[in-house]
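> Contents are CSV, C-alpha atoms; file name data-v4.csv:
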```
chain,number,residue,atom,x,y,z
A,1378,MET,CA,-7.8,-44.3,-22.0
A,1379,THR,CA,-6.2,-46.0,-19.1
A,1380,ARG,CA,-6.8,-44.7,-15.6
A,1381,ARG,CA,-3.2,-43.5,-15.3
A,1382,ARG,CA,-3.4,-41.6,-18.6
A,1383,ALA,CA,-6.7,-40.0,-17.6
A,1384,VAL,CA,-5.2,-38.7,-14.4
A,1385,SER,CA,-2.2,-37.3,-16.2
A,1386,TYR,CA,-4.5,-35.7,-18.8
A,1387,ILE,CA,-6.6,-34.1,-16.0
A,1388,ALA,CA,-3.5,-32.9,-14.2
A,1389,ALA,CA,-2.1,-31.4,-17.4
A,1390,CYS,CA,-5.4,-29.6,-18.1
A,1391,ALA,CA,-5.5,-28.3,-14.5
A,1392,LEU,CA,-1.9,-27.1,-14.8
A,1393,LEU,CA,-2.8,-25.3,-18.0
A,1394,VAL,CA,-5.8,-23.6,-16.4
A,1395,ALA,CA,-3.8,-22.7,-13.3
A,1396,CYS,CA,-0.8,-21.2,-15.1
A,1397,PRO,CA,-1.6,-17.6,-15.8
A,1398,GLY,CA,0.5,-17.4,-18.9
A,1399,SER,CA,-1.1,-20.2,-20.7
A,1400,ARG,CA,-4.6,-18.7,-20.8
A,1401,LYS,CA,-5.8,-17.1,-24.0
A,1402,LEU,CA,-7.5,-13.9,-23.0
A,1403,GLU,CA,-10.9,-13.3,-24.7
A,1404,PRO,CA,-11.3,-9.7,-25.6
A,1405,LEU,CA,-13.1,-7.6,-22.9
A,1406,MET,CA,-15.5,-6.4,-25.6
A,1407,PRO,CA,-16.4,-9.0,-28.2
A,1408,ALA,CA,-16.1,-8.0,-31.8
A,1409,THR,CA,-19.9,-8.3,-32.1
A,1410,MET,CA,-20.5,-5.5,-29.6
A,1411,ALA,CA,-22.1,-2.6,-31.3
A,1412,LEU,CA,-20.1,0.4,-30.3
A,1413,ALA,CA,-21.3,3.8,-31.5
A,1414,PRO,CA,-19.0,6.9,-31.9
A,1415,ALA,CA,-19.3,9.2,-29.0
A,1416,SER,CA,-18.0,12.7,-28.2
A,1417,ARG,CA,-15.0,13.1,-26.1
A,1418,ASP,CA,-16.9,15.5,-23.8
A,1419,SER,CA,-19.4,12.8,-22.9
A,1420,ALA,CA,-16.6,10.4,-22.1
A,1421,VAL,CA,-14.9,13.0,-19.9
A,1422,ARG,CA,-18.3,13.5,-18.1
A,1423,TRP,CA,-18.5,9.8,-17.5
A,1424,THR,CA,-14.9,9.6,-16.2
A,1425,ARG,CA,-15.5,12.5,-13.9
A,1426,GLN,CA,-18.3,10.5,-12.3
A,1427,THR,CA,-15.8,7.8,-11.3
A,1428,GLU,CA,-13.5,10.2,-9.4
A,1429,PRO,CA,-14.0,10.8,-5.7
A,1430,ARG,CA,-15.6,14.1,-4.9
A,1431,THR,CA,-13.3,14.8,-2.0
A,1432,ALA,CA,-9.8,14.0,-0.9
A,1433,THR,CA,-9.8,10.3,-0.2
A,1434,LEU,CA,-7.6,7.8,1.6
A,1435,ILE,CA,-7.8,4.2,0.6
A,1436,ARG,CA,-6.0,1.5,2.6
A,1437,PHE,CA,-5.6,-1.9,1.1
A,1438,ARG,CA,-3.7,-5.2,1.2
A,1439,TRP,CA,-1.9,-6.2,-2.0
A,1440,ARG,CA,-0.5,-9.3,-3.5
A,1441,TYR,CA,1.8,-9.4,-6.5
A,1442,GLU,CA,2.8,-12.6,-8.3
A,1443,ASP,CA,4.8,-13.4,-11.4
A,1444,GLU,CA,6.7,-16.4,-12.6
A,1445,ARG,CA,9.7,-15.6,-10.3
A,1446,VAL,CA,8.4,-13.9,-7.2
A,1447,LYS,CA,5.4,-13.6,-5.0
A,1448,TYR,CA,5.0,-10.7,-2.6
A,1449,ALA,CA,2.2,-9.4,-0.4
A,1450,GLY,CA,1.8,-6.4,1.8
A,1451,ARG,CA,-0.2,-3.3,2.6
A,1452,GLY,CA,-0.5,0.0,1.0
A,1453,SER,CA,-2.4,3.2,0.9
A,1454,ALA,CA,-3.6,5.6,-1.9
A,1455,ARG,CA,-4.3,9.2,-1.1
A,1456,ILE,CA,-6.3,10.8,-3.9
A,1457,ALA,CA,-6.8,14.5,-4.4
A,1458,PRO,CA,-9.3,14.8,-7.2
A,1459,PRO,CA,-9.3,15.1,-10.1
A,1460,ASP,CA,-5.9,13.6,-11.0
A,1461,SER,CA,-3.4,13.3,-8.1
A,1462,LEU,CA,-2.6,10.1,-6.3
A,1463,ARG,CA,0.1,9.4,-3.7
A,1464,PHE,CA,0.7,5.6,-3.6
A,1465,ASP,CA,2.5,4.1,-0.6
A,1466,PHE,CA,3.4,0.5,-0.3
A,1467,ALA,CA,5.2,-1.8,2.1
A,1468,GLY,CA,6.0,-5.5,1.9
A,1469,PRO,CA,5.8,-8.2,4.6
A,1470,LEU,CA,7.0,-6.9,8.0
A,1471,ASN,CA,6.9,-3.4,6.4
A,1472,LEU,CA,10.1,-4.2,4.4
A,1473,GLY,CA,10.6,-2.9,0.9
A,1474,SER,CA,8.5,0.2,1.4
A,1475,GLY,CA,8.2,2.9,-1.2
A,1476,ALA,CA,6.0,5.6,-2.5
A,1477,ALA,CA,5.1,7.3,-5.7
A,1478,VAL,CA,3.1,10.3,-6.9
A,1479,VAL,CA,1.0,9.9,-10.0
A,1480,ILE,CA,-0.5,13.0,-11.7
A,1481,GLY,CA,-3.0,11.9,-14.3
A,1482,ASP,CA,-1.3,9.4,-16.6
A,1483,SER,CA,2.3,10.3,-15.5
A,1484,VAL,CA,4.5,9.3,-12.6
A,1485,ALA,CA,5.7,12.5,-11.0
A,1486,TRP,CA,8.2,10.6,-8.9
A,1487,ALA,CA,8.6,7.1,-7.5
A,1488,ASP,CA,11.0,6.0,-4.8
A,1489,PRO,CA,12.5,3.4,-5.2
A,1490,GLU,CA,11.4,3.7,-8.8
A,1491,LYS,CA,12.3,0.1,-9.7
A,1492,ASN,CA,10.0,-1.3,-6.9
A,1493,PHE,CA,7.1,0.9,-8.0
A,1494,ARG,CA,7.5,0.1,-11.7
A,1495,SER,CA,7.5,-3.6,-11.1
A,1496,LEU,CA,4.4,-3.4,-8.8
A,1497,VAL,CA,2.6,-0.9,-11.1
A,1498,PRO,CA,3.7,-1.3,-14.7
A,1499,ALA,CA,0.6,0.4,-16.1
A,1500,ILE,CA,-0.7,3.7,-14.7
A,1501,PRO,CA,-4.2,3.6,-16.3
A,1502,MET,CA,-4.6,0.2,-14.6
A,1503,LEU,CA,-3.6,1.7,-11.2
A,1504,TRP,CA,-6.5,4.2,-11.5
A,1505,ALA,CA,-8.8,1.4,-12.7
A,1506,ALA,CA,-7.8,-0.7,-9.7
A,1507,PHE,CA,-9.3,2.0,-7.5
A,1508,ALA,CA,-12.4,2.0,-9.8
A,1509,MET,CA,-11.5,5.3,-11.4
A,1510,VAL,CA,-11.1,6.1,-15.0
A,1511,ARG,CA,-8.8,8.7,-16.6
A,1512,PRO,CA,-10.3,10.9,-19.3
A,1513,PRO,CA,-9.4,9.9,-22.8
A,1514,ALA,CA,-6.4,11.5,-24.4
A,1515,GLY,CA,-7.0,14.6,-26.5
A,1516,ASP,CA,-6.4,12.6,-29.8
A,1517,ALA,CA,-8.4,9.5,-28.8
A,1518,THR,CA,-11.4,8.4,-30.8
A,1519,VAL,CA,-14.2,7.6,-28.4
A,1520,PHE,CA,-16.9,4.9,-28.7
A,1521,GLU,CA,-19.7,4.0,-26.4
A,1522,ALA,CA,-22.3,1.3,-25.9
A,1523,GLN,CA,-25.0,0.6,-23.4
A,1524,PHE,CA,-26.9,-2.6,-22.9
A,1525,ALA,CA,-29.0,-4.4,-20.3
A,1526,ASP,CA,-29.0,-8.0,-19.2
A,1527,SER,CA,-32.6,-8.7,-18.2
A,1528,LEU,CA,-31.8,-12.2,-16.9
A,1529,ARG,CA,-29.2,-11.0,-14.4
A,1530,HIS,CA,-30.8,-7.5,-13.9
A,1531,THR,CA,-27.6,-5.8,-14.7
A,1532,HIS,CA,-26.9,-2.7,-16.8
A,1533,HIS,CA,-23.7,-2.4,-18.8
A,1534,THR,CA,-21.9,0.7,-20.0
A,1535,ALA,CA,-18.9,0.2,-22.4
A,1536,TRP,CA,-16.4,2.8,-23.5
A,1537,ARG,CA,-13.5,2.6,-25.9
A,1538,PHE,CA,-10.8,5.2,-26.0
A,1539,ALA,CA,-8.7,4.4,-29.2
A,1540,GLN,CA,-5.5,6.0,-30.1
A,1541,VAL,CA,-3.0,5.1,-32.9
A,1542,GLU,CA,-1.2,2.5,-30.8
A,1543,ASP,CA,-3.1,2.2,-27.5
A,1544,THR,CA,-6.7,1.3,-26.9
A,1545,LEU,CA,-8.4,1.4,-23.6
A,1546,ASP,CA,-11.7,-0.4,-23.1
A,1547,TYR,CA,-13.9,-0.1,-20.0
A,1548,VAL,CA,-17.0,-2.0,-19.1
A,1549,VAL,CA,-19.1,-1.1,-16.1
A,1550,THR,CA,-21.6,-3.6,-14.8
A,1551,ASP,CA,-24.1,-1.9,-12.6
A,1552,SER,CA,-26.3,-4.2,-10.5
A,1553,ALA,CA,-28.9,-1.7,-9.4
A,1554,GLY,CA,-27.7,-0.7,-5.9
A,1555,ARG,CA,-25.6,-3.8,-5.2
A,1556,GLU,CA,-22.0,-4.1,-5.9
A,1557,SER,CA,-20.8,-2.9,-9.3
A,1558,ILE,CA,-17.8,-4.0,-11.5
A,1559,LEU,CA,-15.4,-2.0,-13.5
A,1560,GLU,CA,-13.4,-4.0,-16.0
A,1561,ALA,CA,-10.6,-2.4,-18.0
A,1562,GLU,CA,-8.4,-3.6,-20.8
A,1563,TRP,CA,-5.3,-1.9,-22.2
A,1564,ARG,CA,-4.1,-3.1,-25.7
A,1565,ARG,CA,-1.0,-1.9,-27.4
A,1566,ARG,CA,-0.8,-2.6,-31.2
A,1567,GLY,CA,-3.6,-5.1,-30.7
A,1568,ALA,CA,-1.9,-7.1,-27.9
A,1569,VAL,CA,-3.4,-7.0,-24.4
A,1570,VAL,CA,-1.0,-5.3,-22.0
A,1571,ALA,CA,-3.2,-5.5,-19.0
A,1572,ARG,CA,-6.7,-6.4,-17.9
A,1573,SER,CA,-8.3,-5.4,-14.6
A,1574,ARG,CA,-11.4,-6.2,-12.8
A,1575,SER,CA,-12.4,-4.0,-9.8
A,1576,THR,CA,-15.4,-4.4,-7.6
A,1577,LEU,CA,-17.2,-1.5,-6.0
A,1578,ASP,CA,-19.4,-1.8,-2.9
A,1579,ALA,CA,-23.0,-0.6,-2.7
A,1580,SER,CA,-21.8,2.9,-1.9
A,1581,GLN,CA,-19.8,2.8,-5.1
A,1582,ARG,CA,-16.5,2.7,-3.2
A,1583,PRO,CA,-13.6,0.5,-4.4
A,1584,ALA,CA,-13.6,-2.9,-2.6
A,1585,SER,CA,-11.2,-5.1,-4.4
A,1586,ALA,CA,-9.3,-5.4,-7.7
A,1587,ARG,CA,-7.3,-7.8,-9.8
A,1588,VAL,CA,-4.9,-6.6,-12.5
A,1589,TYR,CA,-3.5,-9.2,-14.9
A,1590,PHE,CA,-0.5,-8.6,-17.2
A,1591,PRO,CA,-0.5,-11.5,-19.8
A,1592,GLU,CA,2.9,-10.7,-21.3
A,1593,ALA,CA,4.9,-11.1,-18.1
A,1594,PRO,CA,2.7,-12.9,-17.0
A,1595,ALA,CA,2.0,-11.2,-13.7
A,1596,ARG,CA,-0.9,-10.5,-11.4
A,1597,PHE,CA,-1.5,-7.7,-8.9
A,1598,GLU,CA,-4.4,-7.9,-6.5
A,1599,LEU,CA,-5.6,-5.5,-3.9
A,1600,THR,CA,-8.3,-5.7,-1.2
A,1601,VAL,CA,-9.5,-2.5,0.2
A,1602,SER,CA,-9.8,-2.3,4.0
A,1603,VAL,CA,-10.6,1.4,4.6
A,1604,VAL,CA,-12.0,4.2,2.4
A,1605,ASP,CA,-11.8,7.5,4.2
A,1606,THR,CA,-13.5,10.3,2.3
A,1607,ALA,CA,-12.7,12.9,4.9
A,1608,ALA,CA,-9.0,12.5,4.6
A,1609,VAL,CA,-6.7,15.5,5.0
A,1610,ILE,CA,-3.8,15.3,2.6
A,1611,PRO,CA,-0.8,17.3,3.7
A,1612,PRO,CA,1.0,19.2,0.9
A,1613,ASN,CA,4.3,17.5,1.7
A,1614,VAL,CA,3.2,14.2,0.4
A,1615,TRP,CA,3.3,15.5,-3.2
A,1616,ARG,CA,6.9,16.7,-3.0
A,1617,SER,CA,9.9,14.7,-4.0
A,1618,ARG,CA,13.2,14.7,-2.1
A,1619,ARG,CA,15.3,13.7,-5.0
B,565,MET,CA,22.4,-35.8,40.0
B,566,CYS,CA,19.0,-35.4,41.7
B,567,GLY,CA,20.4,-32.7,43.8
B,568,ALA,CA,21.7,-30.8,40.7
B,569,VAL,CA,18.2,-31.0,39.2
B,570,ALA,CA,16.6,-29.8,42.4
B,571,ALA,CA,19.0,-26.9,42.6
B,572,SER,CA,18.5,-25.9,39.0
B,573,VAL,CA,14.7,-25.7,39.2
B,574,PRO,CA,14.6,-22.8,41.6
B,575,ALA,CA,17.4,-21.2,39.7
B,576,LEU,CA,15.4,-21.4,36.5
B,577,TRP,CA,12.3,-20.1,38.2
B,578,LEU,CA,14.2,-17.2,39.6
B,579,ALA,CA,15.8,-16.5,36.1
B,580,GLY,CA,12.3,-16.6,34.7
B,581,CYS,CA,11.1,-14.0,37.2
B,582,LEU,CA,14.0,-11.8,36.6
B,583,TYR,CA,13.4,-12.0,32.8
B,584,GLY,CA,9.7,-11.1,33.3
B,585,PHE,CA,10.4,-8.0,35.4
B,586,ALA,CA,13.4,-6.8,33.5
B,587,GLY,CA,11.7,-5.5,30.4
B,588,GLY,CA,8.3,-4.4,31.6
B,589,THR,CA,5.3,-4.6,29.3
B,590,LEU,CA,1.9,-3.2,28.4
B,591,PRO,CA,-1.1,-4.4,30.4
B,592,ASN,CA,-2.7,-7.5,28.9
B,593,VAL,CA,-0.5,-7.3,25.8
B,594,ARG,CA,1.9,-10.0,24.8
B,595,THR,CA,1.7,-9.9,21.0
B,596,VAL,CA,1.6,-6.9,18.7
B,597,ALA,CA,1.1,-6.3,15.0
B,598,ILE,CA,2.9,-3.3,13.6
B,599,LEU,CA,0.8,-1.8,10.8
B,600,PRO,CA,2.6,0.3,8.2
B,601,PHE,CA,2.7,3.9,9.4
B,602,ASP,CA,1.2,6.6,7.2
B,603,ASN,CA,3.9,8.7,5.7
B,604,ASP,CA,3.0,12.3,5.3
B,605,THR,CA,6.6,13.2,4.2
B,606,PRO,CA,8.4,13.1,0.8
B,607,GLU,CA,10.8,10.5,2.2
B,608,PRO,CA,9.5,7.0,1.6
B,609,ALA,CA,12.3,5.3,3.5
B,610,LEU,CA,10.8,6.5,6.8
B,611,THR,CA,7.9,4.1,6.5
B,612,GLN,CA,10.2,1.1,6.9
B,613,GLU,CA,12.6,2.9,9.3
B,614,VAL,CA,9.9,3.8,11.8
B,615,SER,CA,8.5,0.3,11.6
B,616,ASP,CA,12.0,-1.1,12.4
B,617,ALA,CA,12.3,1.3,15.3
B,618,VAL,CA,8.9,0.4,16.7
B,619,ARG,CA,9.7,-3.3,16.4
B,620,GLN,CA,13.0,-2.8,18.1
B,621,ALA,CA,11.3,-1.1,21.0
B,622,LEU,CA,8.4,-3.6,21.4
B,623,GLU,CA,10.2,-6.9,20.5
B,624,GLY,CA,13.8,-6.1,21.5
B,625,ARG,CA,13.3,-4.0,24.5
B,626,LEU,CA,9.8,-4.8,25.9
B,627,GLY,CA,9.8,-8.5,25.1
B,628,LEU,CA,6.6,-8.5,23.2
B,629,ARG,CA,6.1,-10.8,20.3
B,630,VAL,CA,5.3,-9.6,16.8
B,631,ALA,CA,2.3,-11.4,15.3
B,632,THR,CA,-0.1,-11.0,12.5
B,633,GLU,CA,-2.9,-8.5,12.8
B,634,ALA,CA,-5.5,-11.3,13.1
B,635,ASN,CA,-3.7,-12.9,16.0
B,636,ALA,CA,-2.1,-10.1,17.9
B,637,ASP,CA,-3.4,-8.8,21.2
B,638,ALA,CA,-2.6,-5.2,20.1
B,639,ILE,CA,-1.9,-3.3,17.0
B,640,VAL,CA,0.6,-0.5,16.6
B,641,ARG,CA,-0.3,2.2,14.1
B,642,GLY,CA,0.8,5.7,13.5
B,643,ARG,CA,1.9,8.3,11.1
B,644,VAL,CA,5.1,10.0,10.2
B,645,VAL,CA,3.8,13.6,10.3
B,646,ARG,CA,6.9,15.6,9.6
B,647,TYR,CA,10.5,15.2,8.5
B,648,ASP,CA,13.0,18.1,8.6
B,649,PRO,CA,16.2,16.6,7.2
B,650,ASP,CA,18.7,19.4,7.5
B,651,ILE,CA,18.2,21.8,10.4
B,652,PRO,CA,21.6,23.7,10.9
B,653,ILE,CA,22.9,23.5,14.4
B,654,SER,CA,26.5,24.5,14.1
B,655,LEU,CA,28.0,27.1,11.7
B,656,GLN,CA,31.5,28.1,10.9
B,657,SER,CA,32.1,31.5,9.3
B,658,GLY,CA,34.8,32.1,6.8
B,659,ALA,CA,35.8,34.8,4.4
B,660,GLY,CA,32.4,35.9,3.1
B,661,THR,CA,30.9,32.4,3.6
B,662,VAL,CA,29.2,30.5,6.3
B,663,THR,CA,29.6,26.7,6.4
B,664,VAL,CA,27.2,24.5,8.2
B,665,THR,CA,29.3,22.0,10.1
B,666,LYS,CA,26.6,20.2,11.9
B,667,ARG,CA,22.9,19.6,11.1
B,668,LYS,CA,20.2,17.6,12.6
B,669,VAL,CA,17.1,15.7,11.4
B,670,GLN,CA,13.9,16.1,13.2
B,671,ILE,CA,11.1,13.6,12.9
B,672,THR,CA,7.6,13.9,14.3
B,673,VAL,CA,5.4,10.8,14.6
B,674,ASP,CA,2.1,9.9,16.0
B,675,VAL,CA,2.1,6.5,17.6
B,676,GLU,CA,-0.8,4.5,19.0
B,677,ILE,CA,-1.1,1.1,20.5
B,678,VAL,CA,-4.6,-0.3,20.6
B,679,ASN,CA,-5.7,-3.4,22.4
B,680,GLN,CA,-7.6,-5.4,19.8
B,681,ARG,CA,-9.4,-7.5,22.4
B,682,ASP,CA,-11.3,-4.7,24.0
B,683,GLY,CA,-10.7,-1.8,21.5
B,684,THR,CA,-9.0,0.4,24.1
B,685,THR,CA,-6.0,2.6,23.5
B,686,VAL,CA,-3.2,1.2,25.6
B,687,TRP,CA,-0.7,3.9,24.8
B,688,LYS,CA,-0.8,7.0,22.5
B,689,ARG,CA,1.7,9.7,21.8
B,690,PRO,CA,0.7,12.2,19.1
B,691,GLY,CA,3.3,14.6,18.0
B,692,LEU,CA,6.3,12.7,19.3
B,693,THR,CA,9.3,14.5,18.1
B,694,VAL,CA,12.8,13.1,18.0
B,695,ASP,CA,16.0,14.4,16.5
B,696,GLY,CA,19.5,13.3,15.6
B,697,ASP,CA,22.7,15.3,14.8
B,698,TYR,CA,24.9,14.5,11.9
B,699,ASP,CA,27.9,15.8,10.0
B,700,PRO,CA,26.7,16.8,6.6
B,701,PRO,CA,26.0,15.0,4.4
B,702,ALA,CA,25.5,11.9,6.6
B,703,GLU,CA,21.8,12.5,7.0
B,704,LYS,CA,21.2,8.8,7.5
B,705,GLU,CA,23.3,8.9,10.7
B,706,GLY,CA,21.1,11.6,12.0
B,707,ARG,CA,18.1,9.5,11.3
B,708,LYS,CA,19.6,6.5,13.1
B,709,LEU,CA,20.1,8.6,16.2
B,710,ALA,CA,16.6,10.0,16.0
B,711,TRP,CA,15.1,6.4,15.7
B,712,GLN,CA,17.1,5.4,18.8
B,713,LYS,CA,15.5,8.2,20.7
B,714,LEU,CA,12.1,7.1,19.4
B,715,VAL,CA,12.8,3.5,20.6
B,716,GLN,CA,13.7,4.9,24.1
B,717,GLN,CA,10.6,7.1,24.2
B,718,ILE,CA,8.3,4.2,23.3
B,719,VAL,CA,10.0,2.0,26.0
B,720,ASP,CA,9.7,4.7,28.6
B,721,GLY,CA,6.1,5.4,27.7
B,722,ALA,CA,5.1,1.7,27.8
B,723,GLN,CA,6.9,1.2,31.1
B,724,SER,CA,5.0,4.1,32.6
B,725,GLN,CA,1.8,2.1,32.1
B,726,TRP,CA,2.7,-0.2,35.1
```
Taking this structure as input, can you express it in the form of structure tokens?

Amino acid sequence: MTRRRAVSYIAACALLVACPGSRKLEPLMPATMALAPASRDSAVRWTRQTEPRTATLIRFRWRYEDERVKYAGRGSARIAPPDSLRFDFAGPLNLGSGAAVVIGDSVAWADPEKNFRSLVPAIPMLWAAFAMVRPPAGDATVFEAQFADSLRHTHHTAWRFAQVEDTLDYVVTDSAGRESILEAEWRRRGAVVARSRSTLDASQRPASARVYFPEAPARFELTVSVVDTAAVIPPNVWRSRR
Amino acid sequence: MCGAVAASVPALWLAGCLYGFAGGTLPNVRTVAILPFDNDTPEPALTQEVSDAVRQALEGRLGLRVATEANADAIVRGRVVRYDPDIPISLQSGAGTVTVTKRKVQITVDVEIVNQRDGTTVWKRPGLTVDGDYDPPAEKEGRKLAWQKLVQQIVDGAQSQW
């Protein structure tokens, strides 16, 4: 191979690796992972542990990128456990601001709706980005697995909530008092809709997250700057004007 | 030619002085970063509108430069605490009906300017309430007037720091 060809080959490989759409996503849970059937109640108990115990305000910086656009800005999430979230976002110079209220897996309102939907196309992934997991749907089949990595001194807990069309996989990597990781994957009819990876600090508070949408392809990242667990959430934030 | 240059130097210096004194500014603050205000209301548009008003006050009226949070001398932060969009102020009674012919919006904000260099609060106004009249249903016109009042209050407040 000539030097010129070699450089071209390396450049092409680098381009392939850099381009988000070209990557083949390996499943979050390999087929060899031994998942055992579990009760929905045990899954609900686990998801409850991921929720904040008190009303919480999370401030963050965000970045969104797809093939056409690249945006960044700031935002906040006000969470009233167990299932209510008010999401406010603003772009650079505070332009393009908007807000939405999410109750459980549904969007109660979003304004402007288009901006919110493009930023947050998958509600379970929004919760996962803040290191919180929604309980499985009533008709979901639940599986669980636990395993330890003695080399890395980490403990892993895996959950699968499978419905007819949608499957949600979660893997928590706990590093014994150091930062933990929550990975989530949403598949619809076997195809990956979204994959997220959220890190939690030593106090088990969300620190950062990256959500990847392979179909678009698009990427949403957030970096948490403040977690206020003594937040007071006024009742007006849940109401819609429209 | 030399005379013209010599004459223009003091003129420029004088113009510079006049510019410096015309707007007034906050002590030791030349650059500011405006953080998105928390919005406690159901109206998401207020987040951007309050930011625009604050920018107009600080950049347009006080001559400060907007910078990134990492580089700014001060940060401006706050909260839109309350928004009443349709307070009736003028009524017209008819046969068995009452028509509201004029309404006003009322917006309450908390504003704080913090010097990032030493962590001190340069200026703070909790519960700053502004309003603006409008002919229904032109609520946005009312908001425009309210924001103009906010701009003036911030300018007045900042200038009182001299």
> Please report as a Markdown table every residue of chain B lying within 10 Å of chain A, along with the nearest atom pair and their distance in Å (one decimal), using only C-alpha atoms.

```
| residue | atom | partner | partner_atom | distance |
| --- | --- | --- | --- | --- |
| B:Ala597 | CA | A:Leu1470 | CA | 9.2 |
| B:Ile598 | CA | A:Leu1470 | CA | 7.8 |
| B:Leu599 | CA | A:Asn1471 | CA | 7.7 |
| B:Pro600 | CA | A:Asn1471 | CA | 6.0 |
| B:Phe601 | CA | A:Asn1471 | CA | 8.9 |
| B:Asp602 | CA | A:Ser1453 | CA | 8.0 |
| B:Asn603 | CA | A:Val1614 | CA | 7.7 |
| B:Asp604 | CA | A:Val1614 | CA | 5.3 |
| B:Thr605 | CA | A:Val1614 | CA | 5.2 |
| B:Pro606 | CA | A:Ser1617 | CA | 5.3 |
| B:Glu607 | CA | A:Arg1618 | CA | 6.5 |
| B:Pro608 | CA | A:Gly1475 | CA | 5.1 |
| B:Ala609 | CA | A:Gly1475 | CA | 6.7 |
| B:Leu610 | CA | A:Ser1474 | CA | 8.6 |
| B:Thr611 | CA | A:Ser1474 | CA | 6.4 |
| B:Gln612 | CA | A:Asn1471 | CA | 5.6 |
| B:Glu613 | CA | A:Asn1471 | CA | 9.0 |
| B:Val614 | CA | A:Asn1471 | CA | 9.5 |
| B:Ser615 | CA | A:Asn1471 | CA | 6.6 |
| B:Asp616 | CA | A:Asn1471 | CA | 8.2 |
| B:Arg619 | CA | A:Leu1470 | CA | 9.5 |
| B:Val630 | CA | A:Leu1470 | CA | 9.4 |
| B:Ala631 | CA | A:Leu1470 | CA | 9.8 |
| B:Thr632 | CA | A:Leu1470 | CA | 9.4 |
| B:Val645 | CA | A:Pro1611 | CA | 8.9 |
| B:Arg646 | CA | A:Asn1613 | CA | 8.5 |
| B:Tyr647 | CA | A:Asn1613 | CA | 9.5 |
| B:Pro649 | CA | A:Arg1618 | CA | 10.0 |
```
> Can I get the selected residues back with C-alpha atoms, as a PDB file, in the coordinates of the input?

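Ended up saving to selection_8.pdb:
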```pdb
ATOM      1  CA  ALA B 597       1.100  -6.300  15.000  1.00  0.00           C
ATOM      2  CA  ILE B 598       2.900  -3.300  13.600  1.00  0.00           C
ATOM      3  CA  LEU B 599       0.800  -1.800  10.800  1.00  0.00           C
ATOM      4  CA  PRO B 600       2.600   0.300   8.200  1.00  0.00           C
ATOM      5  CA  PHE B 601       2.700   3.900   9.400  1.00  0.00           C
ATOM      6  CA  ASP B 602       1.200   6.600   7.200  1.00  0.00           C
ATOM      7  CA  ASN B 603       3.900   8.700   5.700  1.00  0.00           C
ATOM      8  CA  ASP B 604       3.000  12.300   5.300  1.00  0.00           C
ATOM      9  CA  THR B 605       6.600  13.200   4.200  1.00  0.00           C
ATOM     10  CA  PRO B 606       8.400  13.100   0.800  1.00  0.00           C
ATOM     11  CA  GLU B 607      10.800  10.500   2.200  1.00  0.00           C
ATOM     12  CA  PRO B 608       9.500   7.000   1.600  1.00  0.00           C
ATOM     13  CA  ALA B 609      12.300   5.300   3.500  1.00  0.00           C
ATOM     14  CA  LEU B 610      10.800   6.500   6.800  1.00  0.00           C
ATOM     15  CA  THR B 611       7.900   4.100   6.500  1.00  0.00           C
ATOM     16  CA  GLN B 612      10.200   1.100   6.900  1.00  0.00           C
ATOM     17  CA  GLU B 613      12.600   2.900   9.300  1.00  0.00           C
ATOM     18  CA  VAL B 614       9.900   3.800  11.800  1.00  0.00           C
ATOM     19  CA  SER B 615       8.500   0.300  11.600  1.00  0.00           C
ATOM     20  CA  ASP B 616      12.000  -1.100  12.400  1.00  0.00           C
ATOM     21  CA  ARG B 619       9.700  -3.300  16.400  1.00  0.00           C
ATOM     22  CA  VAL B 630       5.300  -9.600  16.800  1.00  0.00           C
ATOM     23  CA  ALA B 631       2.300 -11.400  15.300  1.00  0.00           C
ATOM     24  CA  THR B 632      -0.100 -11.000  12.500  1.00  0.00           C
ATOM     25  CA  VAL B 645       3.800  13.600  10.300  1.00  0.00           C
ATOM     26  CA  ARG B 646       6.900  15.600   9.600  1.00  0.00           C
ATOM     27  CA  TYR B 647      10.500  15.200   8.500  1.00  0.00           C
ATOM     28  CA  PRO B 649      16.200  16.600   7.200  1.00  0.00           C
TER      29      PRO B 649
END
```
> Could you tell me how far atom CA of Pro690 of chain B sits from atom CA of Thr672 of chain B, in Å to one decimal place?
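One can read the atom CA of Thr672 of chain B to atom CA of Pro690 of chain B distance as 8.6 Å.
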> Which value, in Å to one decimal, gives the distance between atom CA of Asp1551 of chain A and atom CA of Ala1506 of chain A?
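Atom CA of Ala1506 of chain A lies 16.6 Å from atom CA of Asp1551 of chain A.
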> Please provide as a PyMOL selection string all residues within 12 Å of Leu1402 of chain A, with the sequence filter that same-chain residues fewer than 4 positions apart are discarded (counting all atoms listed in the file).
chain A and resi 1394+1397-1398+1406-1407+1562+1564+1568-1573+1589-1592+1594
> In file coordinates, which residues lie within 9 Å of (-4.1, -13.5, -3.8) using only C-alpha atoms, given as a PyMOL selection string?
chain A and resi 1439-1442+1449+1587+1596-1599
> Please determine the residues with any atom at most 10 Å from (17.3, 5.1, 15.2) (coordinates as given in the file, with only C-alpha atoms counting) and report them as a PyMOL selection string.
chain B and resi 613-614+616-618+620+694-696+704-716
> Can you work out which one of A:Ala1514, A:Leu1496, A:Ala1485, A:Ala1553 has the shortest atom-to-atom distance to Thr1531 of chain A, counting only C-alpha atoms?
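Smallest separation from Thr1531 of chain A among the options: A:Ala1553.
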> Identify, on the basis of only C-alpha atoms, every residue whose closest approach to Asp1526 of chain A does not exceed 10 Å; exclude the query and any residue fewer than 6 positions from it along the same chain; express the result as a short mmCIF file (atom, residue, chain, number, x, y, z; two decimals) with C-alpha atoms, in the frame of the given file.

```
data_model
loop_
_atom_site.label_atom_id
_atom_site.label_comp_id
_atom_site.auth_asym_id
_atom_site.auth_seq_id
_atom_site.Cartn_x
_atom_site.Cartn_y
_atom_site.Cartn_z
CA HIS A 1532 -26.90 -2.70 -16.80
CA HIS A 1533 -23.70 -2.40 -18.80
CA THR A 1550 -21.60 -3.60 -14.80
CA SER A 1552 -26.30 -4.20 -10.50
#
```
